[in-house]
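Enquirer: Can you read through this structure? Questions will come right after.
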Amino acid sequence: MARLSPLLVCNWCVGSKVIMFGKKTAGSKDDLQKPSISQPTGRTPRANTDAYERDPVIQGVGASSADSVRELKRLVFARLVEVIDAAQLLRMDVPAGRAHIAHLLNDIVITEKLKLTATEEQVLLDEISDDMLGFGPLERFLSKDNVSDIMVYGTEPIYIEVDGVMKRTDVRFRDNEQLYNVCQRIVSLVGRRVDESSPICDARLKDGSRVNVIVPPISLHGPALTIRRFRKDMVTINQMVDLGTISAGGAELLRIIARTRCNLIVVGGTGSGKTTLLNVMAGFIEPGERIVTCEDTAELQLSQPHVVRLETRPPNIERKGEITMRDLVRNCLRMRPDRIVVGEVRGPEAFDLLQAMNTGHDGSMGTLHANTPEEAFSRITALVTMGYGSLSPEIIEKMFVDTIDVIVSLQRMRDGTRRVTQIAEVVDLKVEGAKLNTLLTYDMGGEQSAERITGRHVAVNAPRGALLERAAYYGESKNLMGALVQDGLDERKNGKYD
């Protein structure tokens with residue numbers, strides 16, 4: 001794991017005195033007012049792997065008990081800062097550092113004659129180790145795979161998203177200074193800083209988690225920290241079928257779409273699972289093809305042997321050196337890709353991606369923020385206009401229709417589940433004009449229960465555009481119809497098959 005640099009050591013120590021986490025035993029007044037910047041050495045392993053489930057602070061067992069723990073932690077933490085040697089701690093790995101803190105904590109408990117049970121002492125050790133070796137109260141959430149979002153605002157209770165549902169915890173930072181220090185440590189990992197002159201910062205953790213930090217004066221009541229986490233093991237298509245995200249027939253339809261090199265856009269709102277589905281779709285690409293991925297934060301996990309991964313870069317402190325998504329998409333055209341996979345289209349690079357799909361890179365994919373396939377048209381038009389204002393909306397829409405073959409729409413339901421709500425092909429009917437031909441939709445039926453959304457995927461139309469032609473070219477026509485019939489399509493009612 002990353003170790004602290006000599007420069008950062010200076011933030012911990014001044015002479016023989018120790019400065020840690022905004023506390024100081026000697027120095028200037030300014031140093032007392034600003035928290036120090038220190039870099040964690042990695043995840044802090046906990047002795048009890050089920051601490052998240054049994055932690056009384058998280059589970060909300062009594063506010064008075066939680067207040068007692070916090071007050072005790074302040075006392076012990078102050079004593080620990082006086083006796084610990086920061087330079088020695090820097091030379092240790094995480095397990096050794098934790099053992100060292102445990103030894104000193106035991107001495108303090110004995111010296112101060114504190115009445116603690118073994119469980120209370122263990123909780124105290126976990127929290128203090130998290131503060132000194134990791135990211136404080138956030139550590140207990142960063143170690144859980146089912147926590148997808150962590151939201152912090154000042155000293156308010158921390159909110160998390162677990163399995164698609166937002167929950168309020170009883171965990172909080174003890175003060176804004178502690179939170180500010182954690183924010184500084186996170187952004188320092190990527191060579192950034194956050195302060196009054198630069199109050200907004202995007203960064204990422206070692207595991208790829210996206211981090212957004214915004215501090216006063218922009219954030220009124222303390223720093224606001226948001227962490228979007230990603231699964232270490234990406235979801236497979238079989239798991240999506242088991243979870244009800246897509247039907248078995250729909251899963252086969254998605255495989256055929258990727259196999260036949262259809263140009264694909266995945267649309268949906270924030271947190272709907274666009275990147276997860278894009279990773280699944282990209283996983284269907286043949287091993288012999290050269291894939292170039294362009295992402296803001298590297299999330300895709302492709303198993304093919306010939307994958308080139310590109311990532312954008314934010315500007316440095318001097319506001320220089322930025323590499324945008326548009327730069328990546330343009331450059332990857334010179335890298336002889338068979339397929340281009342764009343993590344998210346959110347700017348003028350939409351035009352460059354459409355151009356790439358029209359110049360021999362068919363089968364390329366990307367995601368787009370849009371609630372429905374119908375909205376994708378206006379969304380793409382707006383994004384292209386950001387960089388090419390001279391193009392009329394009619395020309396942009398015509399390019400979209402000529403380039404994109406299939407749009408897959410996802411939605412996060414109110415019960416936290418993700419569903420593929422629509423798979424539609426983009427068709428160009430010369431008389432009727434541009435139109436979406438919906439192949440598969442999610443039917444929720446009648447009135448829903450208060451706890452859970454229920455429904456099923458239903459095939460409603462046979463393909464009429466590029467998908468039908470490509471399926472014939474790749475010998476997938478029989479499989480294509482079989483997938484749709486599996487979800488209830490009646491071939492006899494579709495004119496193409498009369």
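Chain identifiers are assigned as A, B, and so on, following the order in which chains appear in the structure tokens; residues are numbered from 1 within each chain, and ligands are numbered from 1 in order of appearance.
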Using DSSP assignments from the backbone, pull out every residue in region 148-271 of chain A that falls under strand (DSSP E) and give it to me as a PyMOL selection string.

Expert: chain A and resi 148-153+159-162+165-168+200-204+210-214+224-228+264-268

Enquirer: Just the selected residues (N, CA, C and O atoms), exported as a short mmCIF file (atom, residue, chain, number, x, y, z; two decimals), in the first residue's frame, please.

Expert:
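Saved the output as selection03.cif:
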```cif
data_model
loop_
_atom_site.label_atom_id
_atom_site.label_comp_id
_atom_site.auth_asym_id
_atom_site.auth_seq_id
_atom_site.Cartn_x
_atom_site.Cartn_y
_atom_site.Cartn_z
N SER A 148 -22.68 0.88 -1.87
CA SER A 148 -22.33 1.46 -3.17
C SER A 148 -22.11 2.96 -3.12
O SER A 148 -21.42 3.50 -3.97
N ASP A 149 -22.70 3.66 -2.15
CA ASP A 149 -22.53 5.11 -2.02
C ASP A 149 -22.38 5.47 -0.56
O ASP A 149 -23.07 4.91 0.31
N ILE A 150 -21.49 6.43 -0.29
CA ILE A 150 -21.29 6.96 1.06
C ILE A 150 -21.42 8.47 0.97
O ILE A 150 -20.74 9.11 0.16
N MET A 151 -22.31 9.06 1.79
CA MET A 151 -22.60 10.49 1.71
C MET A 151 -22.40 11.14 3.08
O MET A 151 -23.04 10.73 4.06
N VAL A 152 -21.51 12.13 3.13
CA VAL A 152 -21.16 12.79 4.39
C VAL A 152 -21.38 14.29 4.22
O VAL A 152 -20.99 14.87 3.20
N TYR A 153 -21.98 14.91 5.24
CA TYR A 153 -22.15 16.36 5.24
C TYR A 153 -21.88 16.87 6.65
O TYR A 153 -22.71 16.75 7.55
N TYR A 159 -24.87 8.93 5.58
CA TYR A 159 -25.86 8.13 4.83
C TYR A 159 -25.11 7.19 3.89
O TYR A 159 -24.07 7.56 3.32
N ILE A 160 -25.64 6.00 3.72
CA ILE A 160 -25.05 5.04 2.79
C ILE A 160 -26.16 4.43 1.93
O ILE A 160 -27.33 4.46 2.30
N GLU A 161 -25.76 3.91 0.78
CA GLU A 161 -26.69 3.16 -0.05
C GLU A 161 -26.28 1.69 -0.01
O GLU A 161 -25.15 1.35 -0.37
N VAL A 162 -27.19 0.85 0.44
CA VAL A 162 -26.93 -0.58 0.56
C VAL A 162 -27.92 -1.33 -0.32
O VAL A 162 -29.14 -1.20 -0.13
N VAL A 165 -30.72 0.79 -1.71
CA VAL A 165 -31.60 1.52 -0.79
C VAL A 165 -30.75 2.43 0.11
O VAL A 165 -29.77 1.99 0.70
N MET A 166 -31.16 3.72 0.21
CA MET A 166 -30.42 4.66 1.04
C MET A 166 -30.80 4.48 2.51
O MET A 166 -31.97 4.35 2.86
N LYS A 167 -29.77 4.45 3.38
CA LYS A 167 -30.00 4.26 4.81
C LYS A 167 -29.23 5.31 5.60
O LYS A 167 -28.13 5.70 5.24
N ARG A 168 -29.83 5.72 6.70
CA ARG A 168 -29.19 6.66 7.62
C ARG A 168 -28.51 5.87 8.73
O ARG A 168 -29.13 5.00 9.36
N ILE A 200 -13.83 22.79 -4.71
CA ILE A 200 -14.45 21.60 -5.29
C ILE A 200 -13.35 20.73 -5.90
O ILE A 200 -12.48 21.22 -6.62
N CYS A 201 -13.41 19.43 -5.62
CA CYS A 201 -12.37 18.54 -6.11
C CYS A 201 -12.95 17.16 -6.37
O CYS A 201 -13.76 16.65 -5.57
N ASP A 202 -12.54 16.55 -7.48
CA ASP A 202 -12.87 15.16 -7.77
C ASP A 202 -11.59 14.35 -7.65
O ASP A 202 -10.53 14.75 -8.14
N ALA A 203 -11.71 13.19 -7.04
CA ALA A 203 -10.55 12.31 -6.86
C ALA A 203 -11.04 10.88 -6.87
O ALA A 203 -12.21 10.60 -7.14
N ARG A 204 -10.14 9.95 -6.60
CA ARG A 204 -10.56 8.56 -6.50
C ARG A 204 -9.63 7.83 -5.54
O ARG A 204 -8.47 8.21 -5.34
N ARG A 210 -15.02 6.59 -6.90
CA ARG A 210 -15.05 8.01 -7.25
C ARG A 210 -15.36 8.84 -6.01
O ARG A 210 -16.25 8.51 -5.23
N VAL A 211 -14.66 9.95 -5.86
CA VAL A 211 -14.82 10.81 -4.69
C VAL A 211 -15.07 12.24 -5.15
O VAL A 211 -14.38 12.74 -6.04
N ASN A 212 -16.06 12.88 -4.54
CA ASN A 212 -16.30 14.30 -4.77
C ASN A 212 -16.26 15.02 -3.43
O ASN A 212 -16.92 14.58 -2.47
N VAL A 213 -15.46 16.07 -3.36
CA VAL A 213 -15.31 16.85 -2.12
C VAL A 213 -15.66 18.30 -2.42
O VAL A 213 -15.22 18.86 -3.42
N ILE A 214 -16.46 18.89 -1.54
CA ILE A 214 -16.77 20.32 -1.64
C ILE A 214 -16.75 20.90 -0.23
O ILE A 214 -17.37 20.35 0.68
N ALA A 224 -18.62 18.58 2.43
CA ALA A 224 -19.52 17.55 1.92
C ALA A 224 -18.69 16.56 1.12
O ALA A 224 -17.98 16.94 0.19
N LEU A 225 -18.76 15.30 1.48
CA LEU A 225 -17.96 14.25 0.86
C LEU A 225 -18.90 13.17 0.33
O LEU A 225 -19.75 12.66 1.06
N THR A 226 -18.73 12.82 -0.94
CA THR A 226 -19.55 11.78 -1.55
C THR A 226 -18.63 10.77 -2.23
O THR A 226 -17.75 11.16 -3.01
N ILE A 227 -18.83 9.49 -1.94
CA ILE A 227 -18.00 8.42 -2.49
C ILE A 227 -18.90 7.44 -3.23
O ILE A 227 -19.84 6.90 -2.64
N ARG A 228 -18.63 7.24 -4.51
CA ARG A 228 -19.32 6.22 -5.30
C ARG A 228 -18.38 5.02 -5.43
O ARG A 228 -17.31 5.12 -6.01
N LEU A 264 -24.22 0.44 -29.96
CA LEU A 264 -25.12 0.39 -28.80
C LEU A 264 -24.92 1.59 -27.89
O LEU A 264 -23.80 2.01 -27.62
N ILE A 265 -26.03 2.12 -27.39
CA ILE A 265 -26.02 3.13 -26.34
C ILE A 265 -26.87 2.62 -25.18
O ILE A 265 -28.01 2.19 -25.38
N VAL A 266 -26.31 2.65 -23.98
CA VAL A 266 -27.04 2.28 -22.76
C VAL A 266 -27.45 3.56 -22.05
O VAL A 266 -26.59 4.41 -21.75
N VAL A 267 -28.74 3.74 -21.80
CA VAL A 267 -29.23 4.97 -21.18
C VAL A 267 -29.89 4.66 -19.84
O VAL A 267 -30.35 3.54 -19.60
N GLY A 268 -29.94 5.67 -19.00
CA GLY A 268 -30.55 5.52 -17.68
C GLY A 268 -30.12 6.66 -16.79
O GLY A 268 -29.25 7.47 -17.14
#
```

Enquirer: Extract, using only C-alpha atoms, all DNA, RNA and protein residues at most 12 Å from Thr359 (chain A), discarding same-chain residues fewer than 2 positions from it, and format them as a PyMOL selection string.

Expert: chain A and resi 263+333+336-340+352-357+361-364+403

Enquirer: Neighbouring residues of Gly446 (chain A) were defined as those with any atom within 12 Å, considering only C-alpha atoms; residues of the same chain fewer than 3 positions away were excluded. Please report them as a compact mmCIF listing (two decimals) with C-alpha atoms, in the first residue's frame.

Expert:
```txt
# COMPACT_ATOMS: atom_id res chain seq x y z
CA ASP A 443 -44.33 -4.70 -17.84
CA SER A 449 -47.14 -3.46 -3.33
CA ILE A 453 -41.91 -3.80 -7.56
CA THR A 454 -43.11 -6.84 -9.48
CA GLY A 455 -43.39 -7.40 -13.20
CA ARG A 456 -41.94 -9.28 -16.15
```

Enquirer: Which neighbours of region 273-290 of chain A fall inside 8 Å, counting only C-alpha atoms, when residues of the same chain fewer than 2 positions from it are skipped, and could you give them as number ranges by chain?

Expert: A: 234-237, 254-255, 258-259, 266-268, 270-271, 292, 299-308, 336-339, 341, 343, 365-367, 410-412, 418

Enquirer: Skip Ser378 (chain A) itself and residues of its chain fewer than 5 positions away, then list as a PDB file with N, CA, C and O atoms, in the first residue's frame all residues within 12 Å of it, counting only C-alpha atoms.

Expert:
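The result, written out as part_24.pdb:
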```
ATOM      1  N   LEU A 368     -25.108   6.827 -21.649  1.00  0.00           N
ATOM      2  CA  LEU A 368     -25.620   8.189 -21.778  1.00  0.00           C
ATOM      3  C   LEU A 368     -26.671   8.427 -20.707  1.00  0.00           C
ATOM      4  O   LEU A 368     -27.497   7.549 -20.438  1.00  0.00           O
ATOM      5  N   HIS A 369     -26.640   9.595 -20.081  1.00  0.00           N
ATOM      6  CA  HIS A 369     -27.670   9.947 -19.121  1.00  0.00           C
ATOM      7  C   HIS A 369     -28.940  10.366 -19.859  1.00  0.00           C
ATOM      8  O   HIS A 369     -28.982  11.425 -20.500  1.00  0.00           O
ATOM      9  N   ALA A 370     -29.942   9.530 -19.803  1.00  0.00           N
ATOM     10  CA  ALA A 370     -31.259   9.823 -20.372  1.00  0.00           C
ATOM     11  C   ALA A 370     -32.240   8.857 -19.737  1.00  0.00           C
ATOM     12  O   ALA A 370     -31.913   7.686 -19.504  1.00  0.00           O
ATOM     13  N   ASN A 371     -33.413   9.322 -19.425  1.00  0.00           N
ATOM     14  CA  ASN A 371     -34.381   8.482 -18.720  1.00  0.00           C
ATOM     15  C   ASN A 371     -35.013   7.430 -19.619  1.00  0.00           C
ATOM     16  O   ASN A 371     -35.388   6.352 -19.150  1.00  0.00           O
ATOM     17  N   THR A 372     -35.167   7.730 -20.888  1.00  0.00           N
ATOM     18  CA  THR A 372     -35.806   6.804 -21.822  1.00  0.00           C
ATOM     19  C   THR A 372     -35.058   6.830 -23.150  1.00  0.00           C
ATOM     20  O   THR A 372     -34.323   7.787 -23.442  1.00  0.00           O
ATOM     21  N   PRO A 373     -35.247   5.809 -24.000  1.00  0.00           N
ATOM     22  CA  PRO A 373     -34.633   5.841 -25.333  1.00  0.00           C
ATOM     23  C   PRO A 373     -35.075   7.052 -26.149  1.00  0.00           C
ATOM     24  O   PRO A 373     -34.286   7.595 -26.932  1.00  0.00           O
ATOM     25  N   LEU A 383     -25.623  17.517 -26.543  1.00  0.00           N
ATOM     26  CA  LEU A 383     -24.200  17.307 -26.293  1.00  0.00           C
ATOM     27  C   LEU A 383     -23.360  17.673 -27.511  1.00  0.00           C
ATOM     28  O   LEU A 383     -22.301  18.301 -27.382  1.00  0.00           O
ATOM     29  N   VAL A 384     -23.809  17.274 -28.691  1.00  0.00           N
ATOM     30  CA  VAL A 384     -23.052  17.591 -29.908  1.00  0.00           C
ATOM     31  C   VAL A 384     -23.030  19.099 -30.139  1.00  0.00           C
ATOM     32  O   VAL A 384     -22.004  19.676 -30.539  1.00  0.00           O
ATOM     33  N   THR A 385     -24.144  19.763 -29.855  1.00  0.00           N
ATOM     34  CA  THR A 385     -24.230  21.212 -30.055  1.00  0.00           C
ATOM     35  C   THR A 385     -23.245  21.959 -29.165  1.00  0.00           C
ATOM     36  O   THR A 385     -22.783  23.047 -29.518  1.00  0.00           O
ATOM     37  N   PRO A 393     -29.983  20.736 -35.468  1.00  0.00           N
ATOM     38  CA  PRO A 393     -30.521  19.557 -34.786  1.00  0.00           C
ATOM     39  C   PRO A 393     -30.957  18.458 -35.750  1.00  0.00           C
ATOM     40  O   PRO A 393     -30.845  17.267 -35.429  1.00  0.00           O
ATOM     41  N   GLU A 394     -31.450  18.842 -36.919  1.00  0.00           N
ATOM     42  CA  GLU A 394     -31.893  17.841 -37.901  1.00  0.00           C
ATOM     43  C   GLU A 394     -30.726  16.999 -38.402  1.00  0.00           C
ATOM     44  O   GLU A 394     -30.837  15.778 -38.545  1.00  0.00           O
ATOM     45  N   ILE A 396     -27.869  16.468 -36.790  1.00  0.00           N
ATOM     46  CA  ILE A 396     -27.382  15.642 -35.675  1.00  0.00           C
ATOM     47  C   ILE A 396     -28.282  14.428 -35.470  1.00  0.00           C
ATOM     48  O   ILE A 396     -27.803  13.300 -35.287  1.00  0.00           O
ATOM     49  N   GLU A 397     -29.605  14.649 -35.513  1.00  0.00           N
ATOM     50  CA  GLU A 397     -30.531  13.537 -35.341  1.00  0.00           C
ATOM     51  C   GLU A 397     -30.405  12.528 -36.473  1.00  0.00           C
ATOM     52  O   GLU A 397     -30.463  11.318 -36.255  1.00  0.00           O
ATOM     53  N   LYS A 398     -30.199  13.011 -37.676  1.00  0.00           N
ATOM     54  CA  LYS A 398     -30.020  12.113 -38.819  1.00  0.00           C
ATOM     55  C   LYS A 398     -28.758  11.268 -38.643  1.00  0.00           C
ATOM     56  O   LYS A 398     -28.753  10.056 -38.929  1.00  0.00           O
ATOM     57  N   PHE A 400     -27.445  10.465 -35.781  1.00  0.00           N
ATOM     58  CA  PHE A 400     -27.736   9.530 -34.691  1.00  0.00           C
ATOM     59  C   PHE A 400     -28.492   8.314 -35.216  1.00  0.00           C
ATOM     60  O   PHE A 400     -28.176   7.166 -34.889  1.00  0.00           O
TER      61      PHE A 400
END
```

Enquirer: Tell me which of A:Ala350, A:Val342, A:Met399, A:Ala78 sits closest to Met386 (chain A), counting only C-alpha atoms.

Expert: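 Of all the options, A:Ala350 lies closest to Met386 (chain A).
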
Enquirer: Residues near region 104-119 of chain A, anyone? I mean within 8 Å using only C-alpha atoms, not counting same-chain ones fewer than 5 positions away, as a ChimeraX atom specification.

Expert: /A:76,79-80,84,125

Enquirer: Save the residues we just selected, all heavy atoms, as a short mmCIF file (atom, residue, chain, number, x, y, z; two decimals), in the first residue's frame?

Expert:
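again38.cif, written as the output of this step:
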```
data_model
loop_
_atom_site.label_atom_id
_atom_site.label_comp_id
_atom_site.auth_asym_id
_atom_site.auth_seq_id
_atom_site.Cartn_x
_atom_site.Cartn_y
_atom_site.Cartn_z
N VAL A 76 -9.06 9.13 25.06
CA VAL A 76 -7.99 8.20 24.73
C VAL A 76 -7.16 8.72 23.57
O VAL A 76 -5.93 8.59 23.55
CB VAL A 76 -8.58 6.80 24.41
CG1 VAL A 76 -7.48 5.85 23.95
CG2 VAL A 76 -9.29 6.23 25.63
N ARG A 79 -4.61 11.27 24.70
CA ARG A 79 -3.47 10.63 25.37
C ARG A 79 -2.59 9.91 24.36
O ARG A 79 -1.36 9.93 24.47
CB ARG A 79 -3.98 9.65 26.42
CG ARG A 79 -4.54 10.29 27.66
CD ARG A 79 -3.42 10.87 28.56
NE ARG A 79 -2.59 9.80 29.10
CZ ARG A 79 -1.31 9.64 28.83
NH1 ARG A 79 -0.69 10.49 28.00
NH2 ARG A 79 -0.62 8.66 29.38
N LEU A 80 -3.21 9.29 23.36
CA LEU A 80 -2.45 8.54 22.37
C LEU A 80 -1.58 9.47 21.53
O LEU A 80 -0.43 9.14 21.19
CB LEU A 80 -3.42 7.76 21.47
CG LEU A 80 -2.85 6.58 20.68
CD1 LEU A 80 -2.23 5.54 21.60
CD2 LEU A 80 -3.95 5.94 19.85
N ILE A 84 2.43 8.61 21.07
CA ILE A 84 2.77 7.86 19.86
C ILE A 84 3.88 8.56 19.09
O ILE A 84 4.00 9.78 19.10
CB ILE A 84 1.53 7.67 18.97
CG1 ILE A 84 1.75 6.53 17.98
CG2 ILE A 84 1.21 8.95 18.20
CD1 ILE A 84 0.48 6.09 17.27
N LEU A 125 -10.37 0.53 19.61
CA LEU A 125 -9.19 0.25 18.79
C LEU A 125 -9.51 0.40 17.31
O LEU A 125 -8.73 0.97 16.54
CB LEU A 125 -8.67 -1.16 19.09
CG LEU A 125 -7.53 -1.66 18.18
CD1 LEU A 125 -6.31 -0.76 18.33
CD2 LEU A 125 -7.18 -3.11 18.51
#
```

Enquirer: Expressed in Å to a single decimal, how great is the separation between CA of Ala483 (chain A) and CA of Ile423 (chain A)?

Expert: 12.7 Å

Enquirer: Of the candidates A:Ala424, A:Ala102, A:Leu189, A:Ile256, which shows the shortest atom-to-atom distance to Met481 (chain A), using only C-alpha atoms?

Expert: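 Nearest candidate to Met481 (chain A) out of A:Ala424, A:Ala102, A:Leu189, A:Ile256: A:Ile256.
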
Enquirer: Just how far from CA of Thr245 (chain A) is CA of Leu310 (chain A), in Å to one decimal?

Expert: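 Taking CA of Leu310 (chain A) as the start and CA of Thr245 (chain A) as the end point, the length is 28.9 Å.
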
Enquirer: Can you tell me, as JSON, numbers by chain, what residues are no more than 12 Å from Ser197 (chain A) when counting only C-alpha atoms, ignoring any on the same chain fewer than 4 positions away?

Expert: {"A": [193, 201, 214, 215, 216, 217, 218, 317, 318]}

Enquirer: Keeping only N, CA, C and O atoms, write the selected residues to a file as a PDB file, in the first residue's frame.

Expert:
```pdb
ATOM      1  N   ARG A 193      -5.475  19.294  -3.978  1.00  0.00           N
ATOM      2  CA  ARG A 193      -5.779  19.871  -2.678  1.00  0.00           C
ATOM      3  C   ARG A 193      -7.152  20.511  -2.751  1.00  0.00           C
ATOM      4  O   ARG A 193      -7.653  20.840  -3.833  1.00  0.00           O
ATOM      5  N   CYS A 201     -13.413  19.432  -5.619  1.00  0.00           N
ATOM      6  CA  CYS A 201     -12.372  18.541  -6.114  1.00  0.00           C
ATOM      7  C   CYS A 201     -12.952  17.160  -6.366  1.00  0.00           C
ATOM      8  O   CYS A 201     -13.758  16.650  -5.575  1.00  0.00           O
ATOM      9  N   ILE A 214     -16.463  18.888  -1.542  1.00  0.00           N
ATOM     10  CA  ILE A 214     -16.770  20.320  -1.640  1.00  0.00           C
ATOM     11  C   ILE A 214     -16.754  20.899  -0.231  1.00  0.00           C
ATOM     12  O   ILE A 214     -17.371  20.350   0.682  1.00  0.00           O
ATOM     13  N   VAL A 215     -15.998  21.971  -0.034  1.00  0.00           N
ATOM     14  CA  VAL A 215     -15.774  22.514   1.305  1.00  0.00           C
ATOM     15  C   VAL A 215     -16.269  23.953   1.379  1.00  0.00           C
ATOM     16  O   VAL A 215     -16.534  24.583   0.354  1.00  0.00           O
ATOM     17  N   PRO A 216     -16.412  24.483   2.607  1.00  0.00           N
ATOM     18  CA  PRO A 216     -16.793  25.889   2.761  1.00  0.00           C
ATOM     19  C   PRO A 216     -15.797  26.788   2.032  1.00  0.00           C
ATOM     20  O   PRO A 216     -14.629  26.437   1.878  1.00  0.00           O
ATOM     21  N   PRO A 217     -16.243  27.938   1.531  1.00  0.00           N
ATOM     22  CA  PRO A 217     -17.558  28.558   1.741  1.00  0.00           C
ATOM     23  C   PRO A 217     -18.657  28.068   0.803  1.00  0.00           C
ATOM     24  O   PRO A 217     -19.788  28.514   0.915  1.00  0.00           O
ATOM     25  N   ILE A 218     -18.325  27.185  -0.140  1.00  0.00           N
ATOM     26  CA  ILE A 218     -19.348  26.688  -1.060  1.00  0.00           C
ATOM     27  C   ILE A 218     -20.343  25.802  -0.314  1.00  0.00           C
ATOM     28  O   ILE A 218     -21.559  25.886  -0.510  1.00  0.00           O
ATOM     29  N   ILE A 317      -2.997  21.584 -10.137  1.00  0.00           N
ATOM     30  CA  ILE A 317      -3.247  22.746  -9.280  1.00  0.00           C
ATOM     31  C   ILE A 317      -3.143  24.045 -10.069  1.00  0.00           C
ATOM     32  O   ILE A 317      -3.852  25.018  -9.803  1.00  0.00           O
ATOM     33  N   GLU A 318      -2.290  24.041 -11.098  1.00  0.00           N
ATOM     34  CA  GLU A 318      -2.128  25.241 -11.929  1.00  0.00           C
ATOM     35  C   GLU A 318      -3.151  25.286 -13.056  1.00  0.00           C
ATOM     36  O   GLU A 318      -3.032  26.097 -13.982  1.00  0.00           O
TER      37      GLU A 318
END
```
